[in-house]
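coords35.cif (mmCIF, C-alpha atoms) appears below.
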data_my_file
#
loop_
_atom_site.label_atom_id
_atom_site.label_comp_id
_atom_site.auth_asym_id
_atom_site.auth_seq_id
_atom_site.Cartn_x
_atom_site.Cartn_y
_atom_site.Cartn_z
CA MET L 1 10.14 45.68 46.86
CA LEU L 2 12.26 42.57 46.35
CA LEU L 3 9.49 40.37 47.74
CA LEU L 4 6.99 42.02 45.41
CA ALA L 5 9.22 41.35 42.40
CA ALA L 6 9.69 37.71 43.46
CA ALA L 7 5.93 37.29 43.93
CA GLY L 8 5.34 38.81 40.49
CA LEU L 9 7.83 36.39 38.91
CA VAL L 10 6.20 33.39 40.60
CA ALA L 11 2.77 34.56 39.45
CA PHE L 12 4.08 35.01 35.91
CA VAL L 13 5.55 31.49 35.83
CA LEU L 14 2.33 29.99 37.20
CA LEU L 15 0.36 31.85 34.54
CA LEU L 16 2.65 30.42 31.85
CA TYR L 17 2.04 26.89 33.13
CA MET L 18 -1.70 27.52 33.07
CA VAL L 19 -1.75 29.02 29.57
CA SER L 20 0.79 26.63 28.05
CA PRO L 21 -1.57 23.64 27.57
CA LEU L 22 -4.04 25.91 25.76
CA ILE L 23 -1.55 26.69 22.97
CA SER L 24 0.05 23.23 22.80
CA PRO L 25 -1.12 20.76 20.13
CA LYS L 26 -3.67 18.14 21.02
CA PRO L 27 -1.92 14.77 21.63
CA LEU L 28 -2.16 12.24 18.81
CA ALA L 29 -4.12 9.12 19.74
CA LEU L 30 -2.11 6.03 18.73
CA PRO L 31 -4.80 3.32 19.12
CA GLY L 32 -5.88 2.52 15.58
CA ALA L 33 -3.45 5.04 14.06
CA HIS L 34 -1.30 4.17 11.04
CA VAL L 35 2.41 4.65 11.79
CA VAL L 36 5.06 4.32 9.07
CA VAL L 37 8.64 3.71 10.22
CA THR L 38 11.49 3.86 7.74
CA GLY L 39 14.65 2.05 8.76
CA GLY L 40 12.33 -0.02 10.91
CA SER L 41 14.00 -3.40 10.57
CA SER L 42 16.48 -2.88 13.43
CA GLY L 43 17.82 -0.48 16.05
CA ILE L 44 15.90 2.62 17.09
CA GLY L 45 13.42 2.29 14.22
CA LYS L 46 12.38 -1.20 15.24
CA CYS L 47 12.02 -0.15 18.89
CA ILE L 48 9.85 2.82 17.86
CA ALA L 49 7.62 0.45 15.89
CA ILE L 50 7.32 -1.82 18.93
CA GLU L 51 6.48 1.13 21.20
CA CYS L 52 3.75 2.34 18.85
CA TYR L 53 2.40 -1.19 18.42
CA LYS L 54 2.17 -1.56 22.20
CA GLN L 55 -0.09 1.49 22.17
CA GLY L 56 -2.46 0.02 19.59
CA ALA L 57 -1.09 1.43 16.33
CA PHE L 58 -1.02 -0.25 12.91
CA ILE L 59 2.56 -0.38 11.59
CA THR L 60 4.16 -0.15 8.17
CA LEU L 61 7.84 -1.06 8.28
CA VAL L 62 10.04 0.23 5.45
CA ALA L 63 13.64 -0.91 4.95
CA ARG L 64 15.90 -2.39 2.28
CA ASN L 65 16.61 -5.86 3.68
CA GLU L 66 13.56 -8.07 3.26
CA ASP L 67 14.82 -10.82 5.59
CA LYS L 68 15.42 -8.34 8.42
CA LEU L 69 11.99 -6.83 7.80
CA LEU L 70 10.27 -10.19 8.17
CA GLN L 71 12.15 -10.92 11.40
CA ALA L 72 11.28 -7.48 12.75
CA LYS L 73 7.63 -8.10 11.87
CA LYS L 74 7.63 -11.26 13.99
CA ASP L 75 9.27 -9.45 16.91
CA ILE L 76 6.78 -6.57 16.76
CA GLU L 77 3.72 -8.80 16.52
CA LYS L 78 4.58 -10.31 19.91
CA HIS L 79 3.51 -7.01 21.48
CA SER L 80 0.00 -6.74 20.03
CA ILE L 81 -2.78 -5.55 22.34
CA ASN L 82 -5.65 -6.67 20.09
CA ASP L 83 -6.23 -9.06 17.19
CA LYS L 84 -7.01 -6.26 14.72
CA GLN L 85 -3.50 -4.83 14.61
CA VAL L 86 -1.42 -5.33 11.47
CA VAL L 87 2.28 -5.04 10.67
CA LEU L 88 2.93 -4.41 6.97
CA CYS L 89 6.44 -4.79 5.53
CA ILE L 90 7.70 -2.98 2.42
CA SER L 91 11.21 -3.45 1.04
CA VAL L 92 12.48 -0.29 -0.67
CA ASP L 93 15.44 2.09 -0.56
CA VAL L 94 13.88 5.39 0.53
CA SER L 95 16.88 7.43 -0.65
CA GLN L 96 17.04 6.50 -4.33
CA ASP L 97 13.81 7.12 -6.24
CA TYR L 98 11.05 9.44 -5.04
CA ASN L 99 8.44 7.97 -7.37
CA GLN L 100 9.10 4.51 -5.97
CA VAL L 101 8.83 5.79 -2.40
CA GLU L 102 5.57 7.57 -3.24
CA ASN L 103 4.15 4.40 -4.74
CA VAL L 104 4.92 2.23 -1.71
CA ILE L 105 3.42 4.83 0.62
CA LYS L 106 0.26 4.77 -1.49
CA GLN L 107 0.18 0.97 -1.22
CA ALA L 108 0.52 1.18 2.55
CA GLN L 109 -2.29 3.74 2.77
CA GLU L 110 -4.58 1.61 0.60
CA LYS L 111 -4.12 -1.28 3.03
CA LEU L 112 -3.94 0.47 6.43
CA GLY L 113 -5.46 3.88 5.81
CA PRO L 114 -3.92 7.38 5.77
CA VAL L 115 -0.60 7.82 7.54
CA ASP L 116 -1.06 9.46 10.94
CA MET L 117 2.62 9.38 11.91
CA LEU L 118 5.74 9.03 9.80
CA VAL L 119 9.02 8.25 11.55
CA ASN L 120 12.07 8.87 9.36
CA CYS L 121 14.62 6.58 10.96
CA ALA L 122 16.50 5.31 7.91
CA GLY L 123 20.10 6.42 8.17
CA THR L 124 23.73 5.45 8.36
CA SER L 125 26.98 6.77 9.74
CA MET L 126 30.53 7.11 8.50
CA SER L 127 33.49 8.67 10.28
CA GLY L 128 36.98 9.72 9.31
CA LYS L 129 39.18 12.78 8.88
CA PHE L 130 37.85 15.26 6.34
CA GLU L 131 40.77 14.87 3.91
CA GLU L 132 40.73 11.08 4.20
CA LEU L 133 37.03 10.53 3.49
CA GLU L 134 36.12 9.85 -0.12
CA VAL L 135 33.97 12.53 -1.73
CA SER L 136 31.45 9.77 -2.44
CA SER L 137 31.01 9.35 1.33
CA PHE L 138 29.57 12.86 1.59
CA GLU L 139 27.23 12.16 -1.31
CA LYS L 140 26.14 8.83 0.17
CA LEU L 141 25.36 10.22 3.62
CA MET L 142 23.43 13.19 2.23
CA SER L 143 21.45 10.80 0.05
CA ILE L 144 20.57 8.32 2.82
CA ASN L 145 20.30 10.59 5.86
CA TYR L 146 18.79 13.66 4.20
CA LEU L 147 16.99 12.65 1.01
CA GLY L 148 15.97 9.41 2.74
CA SER L 149 13.92 11.65 5.05
CA VAL L 150 12.75 14.11 2.37
CA TYR L 151 11.18 11.52 0.08
CA PRO L 152 8.87 9.72 2.58
CA SER L 153 7.86 13.05 4.14
CA ARG L 154 7.00 14.49 0.74
CA ALA L 155 4.89 11.40 0.03
CA VAL L 156 2.66 11.82 3.12
CA ILE L 157 2.48 15.56 3.69
CA THR L 158 -0.34 16.41 1.28
CA THR L 159 -2.76 13.92 2.83
CA MET L 160 -1.83 15.02 6.35
CA LYS L 161 -2.58 18.65 5.48
CA GLU L 162 -5.87 17.71 3.87
CA ARG L 163 -6.92 15.70 6.94
CA ARG L 164 -5.64 18.40 9.34
CA VAL L 165 -3.82 15.78 11.40
CA GLY L 166 -0.37 14.21 11.39
CA ARG L 167 3.05 13.83 12.91
CA ILE L 168 6.38 13.68 11.08
CA VAL L 169 9.44 12.58 13.03
CA PHE L 170 13.01 13.11 11.84
CA VAL L 171 15.68 11.12 13.67
CA SER L 172 18.80 13.26 13.64
CA SER L 173 21.60 12.83 16.19
CA GLN L 174 23.48 14.79 18.83
CA ALA L 175 26.05 15.04 16.02
CA GLY L 176 23.35 17.06 14.28
CA GLN L 177 23.55 19.65 17.06
CA LEU L 178 27.30 19.70 17.58
CA GLY L 179 30.00 19.15 14.96
CA LEU L 180 32.58 16.66 16.19
CA PHE L 181 36.00 15.45 15.07
CA GLY L 182 35.62 12.75 12.41
CA PHE L 183 32.00 13.58 11.60
CA THR L 184 32.38 16.16 8.83
CA ALA L 185 30.27 14.01 6.50
CA TYR L 186 27.86 12.60 9.09
CA SER L 187 27.22 15.80 11.07
CA SER L 188 26.48 17.84 7.96
CA SER L 189 23.85 15.35 6.80
CA LYS L 190 22.22 15.38 10.24
CA PHE L 191 22.38 19.18 10.54
CA ALA L 192 20.52 19.37 7.22
CA ILE L 193 17.59 17.49 8.75
CA ARG L 194 17.08 20.24 11.31
CA GLY L 195 16.88 22.91 8.61
CA LEU L 196 14.31 20.85 6.75
CA ALA L 197 12.30 20.25 9.92
CA GLU L 198 12.22 23.91 10.98
CA ALA L 199 11.07 25.14 7.58
CA LEU L 200 8.53 22.34 7.21
CA GLN L 201 7.06 22.96 10.67
CA MET L 202 6.35 26.58 9.77
CA GLU L 203 4.52 25.42 6.63
CA VAL L 204 2.37 22.71 8.19
CA LYS L 205 1.59 24.03 11.67
CA PRO L 206 -1.57 25.87 10.48
CA TYR L 207 -2.84 22.48 9.28
CA ASN L 208 -2.42 20.85 12.71
CA VAL L 209 0.54 18.81 11.49
CA TYR L 210 3.52 18.77 13.84
CA VAL L 211 7.16 17.94 13.27
CA THR L 212 9.53 16.37 15.81
CA VAL L 213 13.31 16.25 15.50
CA ALA L 214 14.97 13.61 17.68
CA TYR L 215 18.60 13.99 18.75
CA PRO L 216 19.62 10.64 20.24
CA PRO L 217 23.13 10.15 21.67
CA ASP L 218 25.20 7.05 20.92
CA THR L 219 22.73 4.19 21.13
CA ASP L 220 23.39 0.47 21.43
CA THR L 221 22.40 -0.57 17.91
CA PRO L 222 23.94 -2.63 15.08
CA GLY L 223 24.68 0.67 13.33
CA LEU L 224 26.82 1.91 16.22
CA ALA L 225 28.71 -1.38 16.35
CA GLU L 226 29.52 -1.05 12.64
CA GLU L 227 30.49 2.62 13.04
CA ASN L 228 32.89 1.83 15.88
CA LYS L 229 34.97 -0.42 13.62
CA THR L 230 36.37 2.56 11.71
CA LYS L 231 36.08 5.45 14.18
CA PRO L 232 39.21 7.61 14.54
CA LEU L 233 40.74 7.51 18.01
CA GLU L 234 39.75 11.13 18.68
CA THR L 235 36.14 10.47 17.77
CA ARG L 236 35.99 7.38 19.94
CA LEU L 237 37.47 9.16 22.97
CA ILE L 238 35.03 12.06 22.61
CA SER L 239 32.11 9.62 22.27
CA GLU L 240 33.19 7.85 25.45
CA THR L 241 32.60 11.02 27.51
CA THR L 242 28.88 10.17 27.46
CA ALA L 243 27.03 6.95 28.23
CA ILE L 244 25.54 4.70 25.57
CA CYS L 245 21.74 4.59 25.63
CA LYS L 246 19.45 1.63 25.10
CA PRO L 247 17.35 1.83 21.91
CA GLU L 248 14.19 1.07 23.91
CA GLN L 249 14.79 4.14 26.09
CA VAL L 250 15.36 6.36 23.06
CA ALA L 251 12.28 4.99 21.29
CA LYS L 252 9.97 5.65 24.24
CA GLN L 253 11.08 9.27 24.47
CA ILE L 254 10.75 9.86 20.72
CA VAL L 255 7.24 8.39 20.62
CA LYS L 256 6.20 10.39 23.67
CA ASP L 257 7.45 13.66 22.18
CA ALA L 258 5.92 12.92 18.78
CA ILE L 259 2.51 12.20 20.33
CA GLN L 260 2.67 15.52 22.19
CA GLY L 261 3.80 17.38 19.08
CA ASN L 262 7.08 18.54 20.66
CA PHE L 263 9.55 19.90 18.12
CA ASN L 264 12.64 18.73 20.04
CA SER L 265 13.15 15.23 21.41
CA SER L 266 16.24 14.68 23.53
CA ILE L 267 17.52 12.03 25.92
CA GLY L 268 19.02 12.63 29.36
CA SER L 269 20.55 15.74 30.92
CA ASP L 270 23.20 16.15 28.20
CA GLY L 271 20.52 15.95 25.54
CA TYR L 272 18.35 18.51 27.32
CA MET L 273 21.29 20.88 27.63
CA LEU L 274 22.21 20.54 23.95
CA SER L 275 18.64 21.14 22.83
CA SER L 276 18.43 24.29 24.94
CA LEU L 277 21.83 25.53 23.77
CA THR L 278 21.07 25.00 20.09
CA CYS L 279 17.43 26.09 20.10
CA GLY L 280 18.16 29.27 18.14
CA MET L 281 15.01 30.09 16.15
CA ALA L 282 13.57 26.59 16.51
CA PRO L 283 9.82 26.32 17.17
CA VAL L 284 8.57 25.76 20.72
CA THR L 285 5.56 23.71 21.71
CA SER L 286 4.69 25.86 24.72
CA ILE L 287 5.50 29.17 26.37
CA THR L 288 6.95 27.23 29.28
CA GLU L 289 9.47 25.53 27.01
CA GLY L 290 10.60 28.87 25.63
CA LEU L 291 10.96 30.35 29.11
CA GLN L 292 13.07 27.40 30.25
CA GLN L 293 15.40 27.91 27.29
CA VAL L 294 15.80 31.62 28.08
CA VAL L 295 16.53 30.99 31.76
CA THR L 296 19.04 28.16 31.26
CA MET L 297 20.94 29.46 28.22
CA GLY L 298 23.71 31.28 30.13
CA LEU L 299 24.41 28.42 32.53
CA PHE L 300 24.39 25.79 29.79
CA ARG L 301 26.74 27.86 27.62
CA THR L 302 29.21 28.00 30.50
CA ILE L 303 29.07 24.22 30.93
CA ALA L 304 29.40 23.73 27.17
CA LEU L 305 32.65 25.70 27.12
CA PHE L 306 34.18 23.16 29.51
CA TYR L 307 33.00 20.33 27.26
CA LEU L 308 34.47 22.00 24.18
CA GLY L 309 37.74 22.57 26.02
CA SER L 310 37.95 18.90 26.97
CA PHE L 311 37.25 17.84 23.38
CA ASP L 312 40.01 20.13 22.09
CA ASN L 313 42.39 18.64 24.67
CA ILE L 314 41.56 15.13 23.47
CA VAL L 315 42.36 16.11 19.88
CA ARG L 316 45.64 17.79 20.87
CA ARG L 317 46.75 14.82 23.00
CA CYS L 318 46.08 12.43 20.15
CA MET L 319 48.02 14.64 17.74
CA VAL L 320 51.02 14.76 20.10
CA GLN L 321 50.83 11.00 20.67
CA LYS L 322 50.84 10.29 16.94
CA ALA L 323 53.75 12.68 16.39
CA LYS L 324 56.04 10.98 18.95
CA PRO L 325 57.14 8.03 16.76
CA GLU L 326 58.10 10.51 14.02
CA VAL L 327 60.36 12.41 16.43
CA VAL L 328 62.01 9.17 17.58
CA ASP L 329 62.70 8.14 13.98
CA LYS L 330 64.37 11.47 13.15
CA THR L 331 66.76 11.25 16.12
CA ALA L 332 67.64 7.58 15.64
#
Re-express the file's structure as structure tokens.
Amino acid sequence: MLLLAAAGLVAFVLLLYMVSPLISPKPLALPGAHVVVTGGSSGIGKCIAIECYKQGAFITLVARNEDKLLQAKKDIEKHSINDKQVVLCISVDVSQDYNQVENVIKQAQEKLGPVDMLVNCAGTSMSGKFEELEVSSFEKLMSINYLGSVYPSRAVITTMKERRVGRIVFVSSQAGQLGLFGFTAYSSSKFAIRGLAEALQMEVKPYNVYVTVAYPPDTDTPGLAEENKTKPLETRLISETTAICKPEQVAKQIVKDAIQGNFNSSIGSDGYMLSSLTCGMAPVTSITEGLQQVVTMGLFRTIALFYLGSFDNIVRRCMVQKAKPEVVDKTA
């Protein structure tokens, strides 16, 4: 009886693997495709642009700093695979004025054709204790990280639905899956992206448009270097429990998942575990993906409890360490 049950389970899993490709979206062909990357002048955004360019795409780079854009354009063009490819640069703040964002997207489409893939990579980080952060910090991060993704997506979605083809990528963060000490402003802005992505995917899936949310860990970028200058000790110690990734590695995974139409894009074993743990009611690309989440949930939750315990210990140790000088002063 036990052998029969095991054989039935194996047959069921094999059936899922056979059926899964039939319900998964058709991969997006990048050769000749028009890819728009916001925040594309440096870091992960620039590496994503390079990865797409290597696969034959036409690129529109969008960022605020014109000098950095021009330098990024030169770096990307070194990776061309044919003489027809073009890198277009547009300097604009994607978080301030929707009408302006819509206009620049129209300009890009007039020059390079309809947008096949939009990668929302514009973003920034800020850390600090909740009561010490200025209220304006919360407003700034929601504007850049959230609205900076809403505006470009809103500008391309109608055409994608009309053409029945498209990919929209939102670059969140592992801090958008797990709230951490010092990231009350940052995490909330990155969590918001997931809510947007889930709702949008339900709207556009019937039109063959697929949304991908990327959750990269700490990545070796200029943004991380700037963030580390003001990180609280607790935040830094928690961050050091995982390795820092290379932006090229992150970019390759994001592009791969976007092409396949995968809703989640994660890096490494920690990233895979977090994505499974926090899947909730998130869309799945295949039956196989859903089955893997069901099977691994209990084990991953157990492991996560140890992680959470270690993070709490870090916070308590730091609190005790900071309190010691006060005790010494009172007894002196």
Run the PyMOL selection byres ((chain L and resi 228) around 12) against the file shown and list the residues it catches, as a PyMOL selection string.
chain L and resi 125-128+182+218-227+229-237+239-240
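Residues surrounding L:Thr242 within 9 Å are Pro217, Asp218, Ile238 and Asp270 of chain L [all atoms listed in the file; sequence separation below 4 positions excluded].
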Applied to this file, what does the PyMOL selection byres ((chain L and resi 255) around 10) return in terms of residues, put as number ranges by chain?
L: 30, 47-49, 51-52, 117, 119, 169, 212, 214, 250-254, 256-261, 265
Restricting it to C-alpha atoms, dump the selection as an mmCIF file, in the frame of the given file.
data_model
loop_
_atom_site.group_PDB
_atom_site.id
_atom_site.type_symbol
_atom_site.label_atom_id
_atom_site.label_comp_id
_atom_site.auth_asym_id
_atom_site.auth_seq_id
_atom_site.Cartn_x
_atom_site.Cartn_y
_atom_site.Cartn_z
ATOM 1 C CA LEU L 30 -2.110 6.030 18.730
ATOM 2 C CA CYS L 47 12.020 -0.150 18.890
ATOM 3 C CA ILE L 48 9.850 2.820 17.860
ATOM 4 C CA ALA L 49 7.620 0.450 15.890
ATOM 5 C CA GLU L 51 6.480 1.130 21.200
ATOM 6 C CA CYS L 52 3.750 2.340 18.850
ATOM 7 C CA MET L 117 2.620 9.380 11.910
ATOM 8 C CA VAL L 119 9.020 8.250 11.550
ATOM 9 C CA VAL L 169 9.440 12.580 13.030
ATOM 10 C CA THR L 212 9.530 16.370 15.810
ATOM 11 C CA ALA L 214 14.970 13.610 17.680
ATOM 12 C CA VAL L 250 15.360 6.360 23.060
ATOM 13 C CA ALA L 251 12.280 4.990 21.290
ATOM 14 C CA LYS L 252 9.970 5.650 24.240
ATOM 15 C CA GLN L 253 11.080 9.270 24.470
ATOM 16 C CA ILE L 254 10.750 9.860 20.720
ATOM 17 C CA LYS L 256 6.200 10.390 23.670
ATOM 18 C CA ASP L 257 7.450 13.660 22.180
ATOM 19 C CA ALA L 258 5.920 12.920 18.780
ATOM 20 C CA ILE L 259 2.510 12.200 20.330
ATOM 21 C CA GLN L 260 2.670 15.520 22.190
ATOM 22 C CA GLY L 261 3.800 17.380 19.080
ATOM 23 C CA SER L 265 13.150 15.230 21.410
#
List, as a ChimeraX atom specification, every residue that the PyMOL selection byres ((chain L and resi 121-123) around 6) selects in the file provided.
/L:38-39,45,119-120,124,144-145,171
Selection near L:Gln107, 12 Å with all atoms listed in the file, sequence-local residues under 2 positions removed, as a ChimeraX atom specification:
/L:36,60,62,88-90,100-105,109-115,155-156
At a cut-off of 9 Å, using all atoms listed in the file, what residues contact L:Asn208? Leave out same-chain residues fewer than 5 positions from it and give the result as a PyMOL selection string.
chain L and resi 25-26+160-161+163-167
